[in-house]
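**Q** One structure follows; several queries about it will come next.
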Amino acid sequence: MKEPFVDKNKLDEITEQFPTPFHLYDEAGIRQKARDLYEAFSWNEGFKEYFAVKATPTPAILKILQEEGCGVDCASYVELLMSHKLGFEGHDIMFSSNDTPASEFEYASKIGAIINLDAYEHIELLKNTIEIPKTISCRYNPGGVFALGTDIMDNPQESKFGMTKEQLIKAFKELKGLGVEKFGIHSFLASNTVTNDYYPALAEELFELAVEVVEETGVELDFINLSGGIGVNYKPGQQENDIFKIGEGVHQAYDKVLGAHGLTSVKIYTELGRYMLAPHGLLVTKVLHRKNTYRTYIGVDASAVNLMRPAFYGAYHHISINGRYDDKATEKVDIVGSLCENNDKFAVERMMPEIQIGDTLLIHDAGAHGFSMGYQYNAKLRSAEILLQEDGSPRMIRRAEVPEDYFATLYGFDFSE
Ligand SMILES: Cc1ncc(COP(=O)(O)O)c(C=O)c1O
């Protein structure tokens with residue numbers, strides 16, 4: 001069982017006020033998450049979380065994180081534009097993109113964001129496009145296989161991101177020659193890790209690299225960016241990550257490797273998205289139909305356009321019926337949306353308590369890479385986002401799309417109002 005952050009009566013009140021489907025976020029939980037993260041890394045002077053905007057690109061959420069001291073990690077022009085409009089300035093913005101158009105480097109440079117270079121080859125583009133910044137970061141890809149224990153494995157060798165060690169060293173030397181004064185190293189080697197060992201293992205690898213790089217290039221290493229990758233326990237019974245153990249693990253690696261080489265002013269940065277937001281968002285949907293053929297189908301008013309992860313990756317999201325958290329699971333059902341795609345299923349052959357038409361379902365851990373991965377297939381419109389504020393009142397933080405939003409890009413093209 002998973003306990004939602006909103007109780008039955010409150011959710012009933014909210015669904016009376018706002019039509020389903022919608023994403024619901026928990027302000028208190030988000031703030032606490034940010035405070036715990038900062039406390040877990042308080043041993044490191046200059047620690048900063050750059051929230052990965054792609055996870056939840058919603059101004060009200062970004063402002064909450066800004067108030068908690070976070071910066072933003074942007075991957076595109078519009079993410080940069082939105083963040084800048086929200087008052088994120090200069091080094092509060094990390095621009096971690098790949099396959100980057102020159103125009104995006106130009107805009108990142110204009111607003112003073114820290115550029116995290118994905119490719120050695122981009123140095124030439126930078127030279128031809130912008131004034132080389134005083135601070136820059138390079139993204140590292142060690143190649144091979146990154147294995148943690150037996151169950152977390154990623155294949156950097158096959159990843160399009162980052163540069164090799166040789167390229168990174170060459171890049172640092174050339175960039176230093178071009179006037180860069182401060183450097184950062186960034187790496188993202190495994191996604192959604194549900195273990196306290198990922199960050200410490202990654203950190204140790206990056207700290208060892210940092211020592212080698214500093215010795216060989218003589219650059220001033222300003223920060224190491226551990227990026228995203230700390231995951232959440234989507235499945236009930238999965239052990240939740242403990243950010244305090246993670247922070248302590250990174251601390252030990254820091255003392256052991258960087259401390260031993262006198263590199264004690266290196267700042268630690270993170271770019272967490274999923275860990276910060278996923279558990280603090282629910283997709284709330286109502287049951288429209290029951291259908292029995294070879295299986296029992298529960299048809300809801302949300303679909304994969306509201307939360308793509310189950311359809312796209314077969315990802316598990318826990319589903320509860322509002323208020324019936326302790327009920328015994330008695331029937332096996334597929335919980336489906338209305339898209340003309342057979343993978344539009346939030347759950348496949350899942351044991352659930354008996355679900356009735358009109359029930360409100362809560363799809364858990366949808367606060368990151370949820371709304372943001374939405375799309376408009378079948379001319380489905382994006383849903384609203386609601387914030388459950390700290391005082392217990394709900395506030396709409398993004399309205400649902402209306403047909404006019406869908407038509408807006410079509411007017412004038414064989415289509416008129
Ligand atoms: C460069 C970069 N940083 C941070 C993140 C956030 O990752 P997560 O949500 O797993 O923390 C991502 C996710 O795709 C990413 O590409």
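In the structure tokens, each chain is lettered A, B, ... as it comes, each chain's residues begin at 1, and ligands are numbered from 1 in order of appearance.
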Quick one: residues within 12 Å of Asp12 (chain A), only C-alpha atoms, excluding same-chain residues fewer than 5 positions away - as a ChimeraX atom specification?
**A** /A:6-7,17-20,284-286,321-323,358-362,394
**Q** Mind writing the picked residues with N, CA and C atoms as an mmCIF file, in the first residue's frame?
**A**
```
data_model
loop_
_atom_site.group_PDB
_atom_site.id
_atom_site.type_symbol
_atom_site.label_atom_id
_atom_site.label_comp_id
_atom_site.auth_asym_id
_atom_site.auth_seq_id
_atom_site.Cartn_x
_atom_site.Cartn_y
_atom_site.Cartn_z
ATOM 1 N N VAL A 6 -2.866 13.180 0.321
ATOM 2 C CA VAL A 6 -4.140 13.898 0.472
ATOM 3 C C VAL A 6 -5.177 12.905 0.978
ATOM 4 N N ASP A 7 -6.000 13.331 1.964
ATOM 5 C CA ASP A 7 -6.964 12.345 2.479
ATOM 6 C C ASP A 7 -8.243 12.349 1.636
ATOM 7 N N GLN A 17 -14.385 20.638 -7.070
ATOM 8 C CA GLN A 17 -14.022 21.975 -7.564
ATOM 9 C C GLN A 17 -13.377 21.938 -8.957
ATOM 10 N N PHE A 18 -12.571 20.890 -9.220
ATOM 11 C CA PHE A 18 -11.812 20.830 -10.479
ATOM 12 C C PHE A 18 -12.139 19.526 -11.196
ATOM 13 N N PRO A 19 -12.518 19.611 -12.471
ATOM 14 C CA PRO A 19 -12.836 18.376 -13.192
ATOM 15 C C PRO A 19 -11.588 17.512 -13.412
ATOM 16 N N THR A 20 -11.763 16.210 -13.302
ATOM 17 C CA THR A 20 -10.654 15.279 -13.588
ATOM 18 C C THR A 20 -10.540 15.123 -15.106
ATOM 19 N N VAL A 284 -4.898 12.342 -10.879
ATOM 20 C CA VAL A 284 -6.220 12.022 -10.338
ATOM 21 C C VAL A 284 -7.182 11.839 -11.506
ATOM 22 N N THR A 285 -7.863 10.705 -11.522
ATOM 23 C CA THR A 285 -8.722 10.380 -12.671
ATOM 24 C C THR A 285 -9.969 9.656 -12.185
ATOM 25 N N LYS A 286 -11.042 9.762 -12.961
ATOM 26 C CA LYS A 286 -12.293 9.082 -12.572
ATOM 27 C C LYS A 286 -12.587 7.926 -13.508
ATOM 28 N N ILE A 321 -7.625 3.494 -4.981
ATOM 29 C CA ILE A 321 -8.989 4.036 -5.091
ATOM 30 C C ILE A 321 -9.150 4.983 -3.905
ATOM 31 N N ASN A 322 -9.637 6.173 -4.180
ATOM 32 C CA ASN A 322 -9.683 7.199 -3.124
ATOM 33 C C ASN A 322 -10.333 6.666 -1.841
ATOM 34 N N GLY A 323 -9.560 6.692 -0.771
ATOM 35 C CA GLY A 323 -10.073 6.333 0.551
ATOM 36 C C GLY A 323 -10.082 4.841 0.837
ATOM 37 N N GLY A 358 -17.387 5.788 -11.565
ATOM 38 C CA GLY A 358 -17.488 6.992 -10.726
ATOM 39 C C GLY A 358 -16.425 7.061 -9.645
ATOM 40 N N ASP A 359 -15.731 5.957 -9.391
ATOM 41 C CA ASP A 359 -14.648 6.006 -8.386
ATOM 42 C C ASP A 359 -13.542 6.969 -8.832
ATOM 43 N N THR A 360 -12.897 7.569 -7.850
ATOM 44 C CA THR A 360 -11.724 8.394 -8.138
ATOM 45 C C THR A 360 -10.481 7.540 -7.913
ATOM 46 N N LEU A 361 -9.622 7.476 -8.921
ATOM 47 C CA LEU A 361 -8.367 6.719 -8.788
ATOM 48 C C LEU A 361 -7.202 7.691 -8.662
ATOM 49 N N LEU A 362 -6.234 7.282 -7.869
ATOM 50 C CA LEU A 362 -5.017 8.081 -7.683
ATOM 51 C C LEU A 362 -3.862 7.301 -8.298
ATOM 52 N N PRO A 394 -6.507 24.062 -2.239
ATOM 53 C CA PRO A 394 -6.012 23.760 -3.586
ATOM 54 C C PRO A 394 -5.965 25.017 -4.446
#
```
**Q** Would you write out, as a Markdown table, a table of all residues in region 21-103 of chain A that have an atom no more than 12 Å from an atom of region 366-369 of chain A, listing for each the closest atom pair and the distance in Å to one decimal, considering only C-alpha atoms and ordering rows by chain and rising residue number?
**A**
```
| residue | atom | partner | partner_atom | distance |
| --- | --- | --- | --- | --- |
| A:Phe22 | CA | A:Ala366 | CA | 10.8 |
| A:His23 | CA | A:Gly367 | CA | 7.6 |
| A:Leu24 | CA | A:Gly367 | CA | 7.9 |
| A:Tyr25 | CA | A:Gly367 | CA | 6.8 |
| A:Asp26 | CA | A:Gly367 | CA | 9.2 |
| A:Glu27 | CA | A:Gly367 | CA | 11.4 |
| A:Gly29 | CA | A:Gly367 | CA | 11.2 |
| A:Ile30 | CA | A:Gly367 | CA | 10.0 |
| A:Phe51 | CA | A:Ala368 | CA | 10.9 |
| A:Ala52 | CA | A:Ala368 | CA | 9.4 |
| A:Val53 | CA | A:Ala368 | CA | 9.4 |
| A:Lys54 | CA | A:His369 | CA | 7.1 |
| A:Ala55 | CA | A:His369 | CA | 4.5 |
| A:Thr56 | CA | A:Ala368 | CA | 5.4 |
| A:Pro57 | CA | A:Ala368 | CA | 9.2 |
| A:Thr58 | CA | A:Ala368 | CA | 10.7 |
| A:Ile61 | CA | A:Gly367 | CA | 10.3 |
```
**Q** Counting only C-alpha atoms and all ligand atoms, what residues are within 7 Å of ligand 1, given as a PyMOL selection string?
**A** chain A and resi 52+55+73+96-97+188+191-192+227-231+271-275+368
**Q** Give me, as a list of chain:residue names, all polymer residues having an atom no more than 12 Å from Ala40 (chain A), counting only C-alpha atoms and skipping those fewer than 6 positions away in the same chain.
**A**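 Listed by chain and then number, they are A:Lys33, A:Ala34, A:Phe47, A:Lys48, A:Glu49, A:Asp242, A:Ile243, A:Phe244, A:Lys245, A:Ile246, A:Gly247, A:Glu248, A:Gly249, A:Val250, A:His251, A:Ile268.
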**Q** Output N, CA and C atoms for every residue in the selection just made, as a PDB file, in the first residue's frame.
**A**
```
ATOM      1  N   LYS A  33      11.237  18.040   0.939  1.00  0.00           N
ATOM      2  CA  LYS A  33      12.222  17.291   0.151  1.00  0.00           C
ATOM      3  C   LYS A  33      13.457  18.149  -0.105  1.00  0.00           C
ATOM      4  N   ALA A  34      13.217  19.407  -0.488  1.00  0.00           N
ATOM      5  CA  ALA A  34      14.333  20.314  -0.786  1.00  0.00           C
ATOM      6  C   ALA A  34      15.137  20.592   0.492  1.00  0.00           C
ATOM      7  N   PHE A  47      27.039  23.798  -1.848  1.00  0.00           N
ATOM      8  CA  PHE A  47      26.158  22.789  -2.453  1.00  0.00           C
ATOM      9  C   PHE A  47      24.935  23.463  -3.081  1.00  0.00           C
ATOM     10  N   LYS A  48      24.539  22.981  -4.244  1.00  0.00           N
ATOM     11  CA  LYS A  48      23.327  23.533  -4.863  1.00  0.00           C
ATOM     12  C   LYS A  48      22.607  22.475  -5.685  1.00  0.00           C
ATOM     13  N   GLU A  49      21.297  22.459  -5.548  1.00  0.00           N
ATOM     14  CA  GLU A  49      20.449  21.629  -6.409  1.00  0.00           C
ATOM     15  C   GLU A  49      19.943  22.488  -7.562  1.00  0.00           C
ATOM     16  N   ASP A 242      17.378   6.983   1.044  1.00  0.00           N
ATOM     17  CA  ASP A 242      17.580   7.800   2.251  1.00  0.00           C
ATOM     18  C   ASP A 242      18.616   8.875   1.898  1.00  0.00           C
ATOM     19  N   ILE A 243      18.134  10.093   1.725  1.00  0.00           N
ATOM     20  CA  ILE A 243      19.014  11.152   1.228  1.00  0.00           C
ATOM     21  C   ILE A 243      20.128  11.466   2.233  1.00  0.00           C
ATOM     22  N   PHE A 244      19.878  11.221   3.503  1.00  0.00           N
ATOM     23  CA  PHE A 244      20.927  11.499   4.496  1.00  0.00           C
ATOM     24  C   PHE A 244      22.066  10.481   4.361  1.00  0.00           C
ATOM     25  N   LYS A 245      21.712   9.214   4.105  1.00  0.00           N
ATOM     26  CA  LYS A 245      22.762   8.201   3.875  1.00  0.00           C
ATOM     27  C   LYS A 245      23.495   8.512   2.560  1.00  0.00           C
ATOM     28  N   ILE A 246      22.744   8.948   1.573  1.00  0.00           N
ATOM     29  CA  ILE A 246      23.365   9.271   0.276  1.00  0.00           C
ATOM     30  C   ILE A 246      24.341  10.436   0.457  1.00  0.00           C
ATOM     31  N   GLY A 247      23.894  11.486   1.144  1.00  0.00           N
ATOM     32  CA  GLY A 247      24.751  12.659   1.381  1.00  0.00           C
ATOM     33  C   GLY A 247      26.008  12.265   2.140  1.00  0.00           C
ATOM     34  N   GLU A 248      25.852  11.379   3.130  1.00  0.00           N
ATOM     35  CA  GLU A 248      26.990  10.952   3.925  1.00  0.00           C
ATOM     36  C   GLU A 248      27.953  10.103   3.091  1.00  0.00           C
ATOM     37  N   GLY A 249      27.382   9.269   2.219  1.00  0.00           N
ATOM     38  CA  GLY A 249      28.226   8.444   1.331  1.00  0.00           C
ATOM     39  C   GLY A 249      29.070   9.320   0.410  1.00  0.00           C
ATOM     40  N   VAL A 250      28.466  10.375  -0.104  1.00  0.00           N
ATOM     41  CA  VAL A 250      29.221  11.288  -0.987  1.00  0.00           C
ATOM     42  C   VAL A 250      30.284  12.022  -0.163  1.00  0.00           C
ATOM     43  N   HIS A 251      29.904  12.388   1.066  1.00  0.00           N
ATOM     44  CA  HIS A 251      30.842  13.088   1.962  1.00  0.00           C
ATOM     45  C   HIS A 251      32.101  12.237   2.200  1.00  0.00           C
ATOM     46  N   ILE A 268      29.640  20.685  -4.622  1.00  0.00           N
ATOM     47  CA  ILE A 268      28.829  19.597  -5.181  1.00  0.00           C
ATOM     48  C   ILE A 268      27.509  20.187  -5.666  1.00  0.00           C
TER      49      ILE A 268
END
```
**Q** Do a neighbour search on Val78 (chain A) at 12 Å with only C-alpha atoms, toss out local chain neighbours closer than 5 positions, and write the hits as a PyMOL selection string.
**A** chain A and resi 53-54+57+83-85+95+103-104+107-108
**Q** Take CA of Glu16 (chain A) and CA of Ile386 (chain A) and report the distance between them in Å, one decimal.
**A**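 For CA of Glu16 (chain A) relative to CA of Ile386 (chain A), the distance reads 13.0 Å.
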**Q** Give me, as number ranges by chain, the residues of region 123-350 of chain A that a backbone DSSP run labels helix (DSSP H, G or I).
**A** A: 123-129, 156-158, 165-177, 198-217, 243-261, 274-280, 309-313
**Q** Generate the output file for the selected residues, C-alpha atoms, as a PDB file, in the first residue's frame.
**A**
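To be explicit, this is the file written out as again_37.pdb:
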```
ATOM      1  CA  ILE A 123      34.065  24.033 -28.460  1.00  0.00           C
ATOM      2  CA  GLU A 124      34.460  25.110 -32.077  1.00  0.00           C
ATOM      3  CA  LEU A 125      30.803  26.117 -32.184  1.00  0.00           C
ATOM      4  CA  LEU A 126      31.157  28.089 -28.953  1.00  0.00           C
ATOM      5  CA  LYS A 127      34.202  29.928 -30.278  1.00  0.00           C
ATOM      6  CA  ASN A 128      32.240  30.935 -33.364  1.00  0.00           C
ATOM      7  CA  THR A 129      29.045  31.810 -31.547  1.00  0.00           C
ATOM      8  CA  PRO A 156      27.416   4.524 -20.844  1.00  0.00           C
ATOM      9  CA  GLN A 157      29.210   2.949 -23.825  1.00  0.00           C
ATOM     10  CA  GLU A 158      25.947   3.125 -25.765  1.00  0.00           C
ATOM     11  CA  LYS A 165      38.155  11.186 -20.522  1.00  0.00           C
ATOM     12  CA  GLU A 166      40.685  12.045 -23.219  1.00  0.00           C
ATOM     13  CA  GLN A 167      38.271  14.529 -24.795  1.00  0.00           C
ATOM     14  CA  LEU A 168      37.433  16.065 -21.424  1.00  0.00           C
ATOM     15  CA  ILE A 169      41.111  16.650 -20.643  1.00  0.00           C
ATOM     16  CA  LYS A 170      41.703  18.095 -24.101  1.00  0.00           C
ATOM     17  CA  ALA A 171      38.600  20.279 -23.711  1.00  0.00           C
ATOM     18  CA  PHE A 172      39.772  21.642 -20.357  1.00  0.00           C
ATOM     19  CA  LYS A 173      43.196  22.513 -21.765  1.00  0.00           C
ATOM     20  CA  GLU A 174      41.745  24.260 -24.820  1.00  0.00           C
ATOM     21  CA  LEU A 175      39.077  26.092 -22.849  1.00  0.00           C
ATOM     22  CA  LYS A 176      41.668  27.254 -20.344  1.00  0.00           C
ATOM     23  CA  GLY A 177      43.650  28.603 -23.283  1.00  0.00           C
ATOM     24  CA  TYR A 198      24.463   5.318  -6.690  1.00  0.00           C
ATOM     25  CA  TYR A 199      25.565   8.856  -5.863  1.00  0.00           C
ATOM     26  CA  PRO A 200      28.482   7.761  -3.636  1.00  0.00           C
ATOM     27  CA  ALA A 201      29.735   5.369  -6.356  1.00  0.00           C
ATOM     28  CA  LEU A 202      29.346   7.999  -9.086  1.00  0.00           C
ATOM     29  CA  ALA A 203      30.936  10.641  -6.856  1.00  0.00           C
ATOM     30  CA  GLU A 204      33.977   8.491  -6.129  1.00  0.00           C
ATOM     31  CA  GLU A 205      34.487   7.865  -9.839  1.00  0.00           C
ATOM     32  CA  LEU A 206      34.155  11.593 -10.619  1.00  0.00           C
ATOM     33  CA  PHE A 207      36.385  12.633  -7.714  1.00  0.00           C
ATOM     34  CA  GLU A 208      39.152  10.308  -8.949  1.00  0.00           C
ATOM     35  CA  LEU A 209      38.729  11.714 -12.427  1.00  0.00           C
ATOM     36  CA  ALA A 210      38.849  15.242 -11.003  1.00  0.00           C
ATOM     37  CA  VAL A 211      42.183  14.606  -9.272  1.00  0.00           C
ATOM     38  CA  GLU A 212      43.668  13.292 -12.506  1.00  0.00           C
ATOM     39  CA  VAL A 213      42.236  16.142 -14.571  1.00  0.00           C
ATOM     40  CA  VAL A 214      43.441  18.852 -12.197  1.00  0.00           C
ATOM     41  CA  GLU A 215      46.920  17.315 -12.039  1.00  0.00           C
ATOM     42  CA  GLU A 216      47.140  17.105 -15.791  1.00  0.00           C
ATOM     43  CA  THR A 217      45.587  20.429 -16.774  1.00  0.00           C
ATOM     44  CA  ILE A 243      19.014  11.152   1.228  1.00  0.00           C
ATOM     45  CA  PHE A 244      20.927  11.499   4.496  1.00  0.00           C
ATOM     46  CA  LYS A 245      22.762   8.201   3.875  1.00  0.00           C
ATOM     47  CA  ILE A 246      23.365   9.271   0.276  1.00  0.00           C
ATOM     48  CA  GLY A 247      24.751  12.659   1.381  1.00  0.00           C
ATOM     49  CA  GLU A 248      26.990  10.952   3.925  1.00  0.00           C
ATOM     50  CA  GLY A 249      28.226   8.444   1.331  1.00  0.00           C
ATOM     51  CA  VAL A 250      29.221  11.288  -0.987  1.00  0.00           C
ATOM     52  CA  HIS A 251      30.842  13.088   1.962  1.00  0.00           C
ATOM     53  CA  GLN A 252      33.027  10.054   2.758  1.00  0.00           C
ATOM     54  CA  ALA A 253      34.098   9.709  -0.884  1.00  0.00           C
ATOM     55  CA  TYR A 254      34.833  13.464  -0.959  1.00  0.00           C
ATOM     56  CA  ASP A 255      37.098  13.295   2.079  1.00  0.00           C
ATOM     57  CA  LYS A 256      38.773  10.107   0.885  1.00  0.00           C
ATOM     58  CA  VAL A 257      39.579  11.270  -2.630  1.00  0.00           C
ATOM     59  CA  LEU A 258      39.353  15.060  -2.940  1.00  0.00           C
ATOM     60  CA  GLY A 259      40.343  15.747   0.667  1.00  0.00           C
ATOM     61  CA  ALA A 260      43.436  13.585   0.304  1.00  0.00           C
ATOM     62  CA  HIS A 261      44.524  15.781  -2.609  1.00  0.00           C
ATOM     63  CA  ARG A 274      12.406  12.591 -10.247  1.00  0.00           C
ATOM     64  CA  TYR A 275      13.616  12.347  -6.659  1.00  0.00           C
ATOM     65  CA  MET A 276      12.459  15.888  -5.886  1.00  0.00           C
ATOM     66  CA  LEU A 277       9.003  15.746  -7.407  1.00  0.00           C
ATOM     67  CA  ALA A 278       7.730  12.290  -8.391  1.00  0.00           C
ATOM     68  CA  PRO A 279       6.283  11.242  -5.001  1.00  0.00           C
ATOM     69  CA  HIS A 280       4.733  14.671  -4.527  1.00  0.00           C
ATOM     70  CA  ARG A 309       5.547   6.287 -18.599  1.00  0.00           C
ATOM     71  CA  PRO A 310       3.449   3.097 -18.326  1.00  0.00           C
ATOM     72  CA  ALA A 311       2.641   3.067 -22.054  1.00  0.00           C
ATOM     73  CA  PHE A 312       6.134   4.085 -23.116  1.00  0.00           C
ATOM     74  CA  TYR A 313       8.380   2.062 -20.824  1.00  0.00           C
TER      75      TYR A 313
END
```
**Q** What's the 12 Å shell around Phe105 (chain A), counting only C-alpha atoms, without same-chain residues fewer than 3 positions away, as a PyMOL selection string?
**A** chain A and resi 74-77+80+94-102+108-118+122-123+125-133
**Q** Write out as a list of chain:residue names which residues come within 9 Å of Pro353 (chain A) when counting only C-alpha atoms, dropping same-chain ones fewer than 2 positions away.
**A**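 Listed by chain and then number, they are A:Ser320, A:Ile321, A:Arg324, A:Asp327, A:Lys328, A:Ala329, A:Thr330, A:Glu331, A:Lys332, A:Met351, A:Ile355.
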**Q** Those same residues - C-alpha atoms - I'd like them written as an mmCIF file, in the first residue's frame.
**A**
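Just written: part19.cif:
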```
data_model
loop_
_atom_site.group_PDB
_atom_site.id
_atom_site.type_symbol
_atom_site.label_atom_id
_atom_site.label_comp_id
_atom_site.auth_asym_id
_atom_site.auth_seq_id
_atom_site.Cartn_x
_atom_site.Cartn_y
_atom_site.Cartn_z
ATOM 1 C CA SER A 320 -5.254 3.476 -5.346
ATOM 2 C CA ILE A 321 -8.989 4.036 -5.091
ATOM 3 C CA ARG A 324 -10.038 2.543 0.051
ATOM 4 C CA ASP A 327 -9.297 -2.873 0.809
ATOM 5 C CA LYS A 328 -8.313 -6.324 -0.325
ATOM 6 C CA ALA A 329 -7.420 -6.787 -3.995
ATOM 7 C CA THR A 330 -10.075 -9.129 -5.375
ATOM 8 C CA GLU A 331 -10.130 -8.704 -9.155
ATOM 9 C CA LYS A 332 -7.582 -8.641 -11.923
ATOM 10 C CA MET A 351 -5.042 -7.136 -8.784
ATOM 11 C CA ILE A 355 -13.606 -0.660 -8.820
#
```
**Q** Give me, please, the distance in Å between CA of Ala119 (chain A) and CA of Phe146 (chain A), quoted to one decimal.
**A**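 Separating CA of Ala119 (chain A) from CA of Phe146 (chain A) is a distance of 20.1 Å.
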**Q** Using only C-alpha atoms, find the one residue out of A:His91, A:His289, A:Arg295, A:Lys380 that sits nearest to Cys340 (chain A).
**A** A:Lys380
**Q** Excluding same-chain residues fewer than 5 positions from Ala400 (chain A), what lies within 9 Å of it counting only C-alpha atoms, as number ranges by chain?
**A** A: 22, 381-385
**Q** What would the file look like if the residues just selected were written as a PDB file, in the first residue's frame with N, CA and C atoms?
**A**
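Resulting contents of out.pdb:
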```pdb
ATOM      1  N   PHE A  22      -6.590  15.532 -13.515  1.00  0.00           N
ATOM      2  CA  PHE A  22      -5.618  16.598 -13.248  1.00  0.00           C
ATOM      3  C   PHE A  22      -4.455  16.032 -12.453  1.00  0.00           C
ATOM      4  N   LEU A 381      -6.401  16.865 -25.037  1.00  0.00           N
ATOM      5  CA  LEU A 381      -5.907  18.148 -24.529  1.00  0.00           C
ATOM      6  C   LEU A 381      -5.192  17.924 -23.200  1.00  0.00           C
ATOM      7  N   ARG A 382      -4.182  18.740 -22.973  1.00  0.00           N
ATOM      8  CA  ARG A 382      -3.432  18.586 -21.726  1.00  0.00           C
ATOM      9  C   ARG A 382      -4.301  19.003 -20.546  1.00  0.00           C
ATOM     10  N   SER A 383      -4.119  18.297 -19.440  1.00  0.00           N
ATOM     11  CA  SER A 383      -4.983  18.532 -18.275  1.00  0.00           C
ATOM     12  C   SER A 383      -4.448  19.667 -17.408  1.00  0.00           C
ATOM     13  N   ALA A 384      -5.213  20.004 -16.399  1.00  0.00           N
ATOM     14  CA  ALA A 384      -4.805  21.045 -15.444  1.00  0.00           C
ATOM     15  C   ALA A 384      -3.807  20.473 -14.435  1.00  0.00           C
ATOM     16  N   GLU A 385      -3.123  21.399 -13.752  1.00  0.00           N
ATOM     17  CA  GLU A 385      -2.278  21.022 -12.619  1.00  0.00           C
ATOM     18  C   GLU A 385      -2.773  21.825 -11.417  1.00  0.00           C
TER      19      GLU A 385
END
```
**Q** Enter the distance from CA of Asn306 (chain A) to CA of Phe371 (chain A), in Å, rounded to one decimal.
**A**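 Interatomic distance here is 5.7 Å.
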